[in-house]
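Chemist: Let me give you the structure first, and then I'll get to my questions.
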Amino acid sequence: MNTVSVERLIEEGRLNGFQKLMILGTALPILMYGFDNQLLAFSASMMMQEWQLPRSAFETPMNLSLYGVMIGALFGGLLGDRIGRRLALLSSVILFGTMTLAAAGVTGIPMLGWARLISGLGFGGAIPNAVALAYEFVPRRNRVWAVVLTMSCLPIGGTAAGYVAFRVLPASGWRGLFLLGGTLSIVLGLILFKVLLESPRYLATRRERRPTLIALLRKLGHAVSSDVAFVESEATKTTGSRASLRDLFGPTFQLDIVGLFGAFFACVLATTIVPLSLPATFRTAGYKASELGIVLSLWNLGGLCGVLVGAFIVQRFGSRTTLLGMSAASLVCATFMTAVFFGPRSTLLFLVWVVFGGCVNAVQTIIYALAAHVFPTEVRASGIGMALTIGRIGNFTAGYMAGFSRDQLSGPMYFAAAAIAMTVTLGFLALIRRHIPTRNQNLIRNRSHAGTAPADV
């Protein structure tokens with residue numbers, strides 16, 4: 001009987017069209033998350049007029065969505081490790097699509113709050129399972145790109161929501177906008193139930209799903225015989241076959257989990273406090289309202305470029321050098337902005353601003369790939385979900401810090417707060433031992449495997 005390691009088959013194989021289709025299947029739910037999550041922000045003004053309420057009344061529904069994401073990420077990750085990433089992901093899509101659709105019929109703040117809370121559960125449950133699926137479907141050399149492309153769809157979805165809202169709101173009102181978003185999400189979920197398949201590495205941990213695994217490996221281009229015996233890599237074993245929170249905090253991970261969770265919290269804090277403080281900061285510095293859009297566009301442009309450059313560097317030099325280097329660069333940029341922001345405007349100032357946005361956003365996005373690398377298959381979605389939950393706490397902390405900075409501190413101190421957050425991020429990232437290896441380390445690993453490769457299957 002032939003034996004084969006599913007991990008090695010996937011890691012050392014070639015990326016084919018079927019795998020690219022699967023990555024698209026993980027990215028589209030995240031795009032719809034970004035789309036549906038922004039609908040309330042674009043609809044609030046029209047809802048305020050209809051219900052005769054101040055903007056402050058809508059803060060509670062918006063915050064409830066964040067609470068939902070925190071809870072949904074934690075339990076959605078655990079669910080993904082127990083019933084499968086595919087089912088947990090698509091159930092999350094159907095959930096937030098249904099609640100977005102339901103939001104079109106609400107008549108007041110309490111109903112809206114419940115709809116947003118339950119939507120948040122779906123939003124949170126989607127991310128850890130999408131990241132785990134993207135990571136586990138492709139060869140080792142393509143993993144960072146798969147995760148980065150999946151997570152990059154979140155801001156793309158938010159941008160698309162603004163574009164669509166500009167055209168739908170005047171014609172169909174805010175209810176029409178929610179109807180559109182909910183319908184698209186549900187339709188996408190139903191289509192993906194037919195198209196998207198389960199992770200091969202997850203299937204390898206479930207003996208009862210062996211026929212499904214064999215069929216999937218054949219779709220991936222591997223000539224697997226019907227009597228093949230699957231062996232598990234030592235690198236992916238944990239203490240048991242079922243995930244639990246206790247596994248995440250066991251001795252297996254030690255400093256890695258502390259470093260990873262701390263880095264998630266601090267980096268999300270940094271990436272949130274800057275946009276929250278941006279309008280007040282730039283108005284204080286004398287910028288016109290029309291210029292704020294340009295400044296924000298430069299931040300987003302820097303973020304996009306930074307993510308792409310960062311992913312390329314990780315593939316060659318590993319995540320330790322890349323993430324620590326980008327964290328240090330963002331710290332330098334934030335310190336520079338603190339010192340000279342209220343001085344004369346210059347090309348150098350805007351260049352530093354772009355680099356700052358690029359480095360901070362790159363660290364936040366690539367850290368998802370690092371989380372997927374740190375945790376083994378059996379607890380991967382749970383680990384990512386827990387890290388995301390810790391990160392959402394950074395969102396709330398940023399809101400309080402932005403308010404304190406606005407009321408008690410001068411404008412440049414906004415950047416000082418971001419500098420402190422990225423210093424903390426740098427420190428926690430340095431604690432992690434299981435960083436994504438460099439290309440040379442991967443080559444050495446492949447050569448060591450070549451001498452003990454399993455028979456042709």
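Residue numbering restarts at 1 in every chain; chains get A, B, ... in the order shown in the structure tokens, and ligands count up from 1 in that same order.
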For segment 290-330 of chain A versus segment 144-164 of chain A, which residues have an atom no more than 8 Å away, and what is each residue's nearest atom pair and distance in Å rounded to one decimal, using only C-alpha atoms, chain-then-number order, as a tab-separated table?
Modeler:
```
residue	atom	partner	partner_atom	distance
A:Val307	CA	A:Val148	CA	7.3
A:Ala311	CA	A:Trp145	CA	6.2
A:Val314	CA	A:Val144	CA	7.5
A:Gln315	CA	A:Val144	CA	7.1
```
Chemist: Could the residues in this selection be saved with N, CA and C atoms as a short mmCIF file (atom, residue, chain, number, x, y, z; two decimals), in the first residue's frame?
Modeler:
```
data_model
loop_
_atom_site.label_atom_id
_atom_site.label_comp_id
_atom_site.auth_asym_id
_atom_site.auth_seq_id
_atom_site.Cartn_x
_atom_site.Cartn_y
_atom_site.Cartn_z
N VAL A 307 1.24 46.37 0.86
CA VAL A 307 0.83 44.96 0.97
C VAL A 307 1.46 44.14 -0.14
N ALA A 311 4.30 41.33 0.57
CA ALA A 311 4.10 39.92 0.22
C ALA A 311 5.25 39.39 -0.61
N VAL A 314 8.26 38.88 1.74
CA VAL A 314 8.10 37.71 2.61
C VAL A 314 8.44 36.44 1.86
N GLN A 315 8.03 36.34 0.61
CA GLN A 315 8.30 35.15 -0.17
C GLN A 315 9.80 34.89 -0.29
#
```
Chemist: Set out as a tab-separated table a contact list for segment 14-73 of chain A and segment 105-120 of chain A with a cut-off of 10 Å, giving each residue of segment 14-73 of chain A that qualifies its closest atom pair and distance in Å to one decimal, counting only C-alpha atoms, ordered by chain and rising residue number.
Modeler:
```
residue	atom	partner	partner_atom	distance
A:Tyr33	CA	A:Gly120	CA	9.4
A:Asp36	CA	A:Ser119	CA	8.9
A:Asn37	CA	A:Gly120	CA	8.3
A:Leu40	CA	A:Arg116	CA	9.0
A:Met47	CA	A:Gly108	CA	9.4
A:Glu50	CA	A:Thr107	CA	10.0
A:Trp51	CA	A:Gly108	CA	7.5
A:Leu53	CA	A:Ile109	CA	9.5
A:Ala57	CA	A:Ile109	CA	7.5
A:Phe58	CA	A:Ile109	CA	7.2
A:Glu59	CA	A:Gly113	CA	9.6
A:Thr60	CA	A:Gly113	CA	6.9
A:Pro61	CA	A:Gly113	CA	4.2
A:Met62	CA	A:Arg116	CA	7.1
A:Asn63	CA	A:Leu117	CA	8.4
A:Leu64	CA	A:Leu117	CA	4.9
A:Ser65	CA	A:Gly120	CA	4.6
A:Leu66	CA	A:Gly120	CA	6.3
A:Tyr67	CA	A:Leu117	CA	6.9
A:Gly68	CA	A:Gly120	CA	4.0
A:Val69	CA	A:Gly120	CA	4.5
A:Met70	CA	A:Gly120	CA	7.9
A:Ile71	CA	A:Gly120	CA	8.2
A:Gly72	CA	A:Gly120	CA	6.8
A:Ala73	CA	A:Gly120	CA	9.1
```
Chemist: Which one of A:Arg392, A:Arg246, A:Arg433, A:Lys219 sits closest to Phe18 of chain A if you count only C-alpha atoms?
Modeler: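 Counting only C-alpha atoms, the residue closest to Phe18 of chain A is A:Lys219.
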Chemist: With a distance cut-off of 9 Å and only C-alpha atoms, select the neighbouring residues of Gly427 of chain A, excluding the residue or stretch itself and same-chain residues fewer than 6 positions from it, and output the selection as an NGL selection string.
Modeler: :A and (259 or 262-263 or 324)
Chemist: Give me, please, the distance in Å between atom CA of Ile420 of chain A and atom CA of Val309 of chain A, quoted to one decimal.
Modeler: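 The value is 23.9 Å.
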Chemist: What are the DSSP alpha helix (DSSP H) residues of segment 135-376 of chain A, as a ChimeraX atom specification?
Modeler: /A:135-137,143-195,200-203,210-219,245-248,255-284,289-340,347-374
Chemist: Need the shell around Asn16 of chain A: protein/DNA/RNA residues with any atom at most 12 Å away, counting only C-alpha atoms. Skip same-chain ones fewer than 3 positions apart. Format as a VMD selection string?
Modeler: chain A and resid 10 13 19 to 23 137 to 139 142 219 to 222
Chemist: Just how far from atom CA of Phe178 of chain A is atom CA of Leu31 of chain A, in Å to one decimal?
Modeler: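 According to the coordinates, atom CA of Leu31 of chain A and atom CA of Phe178 of chain A are separated by 15.6 Å.
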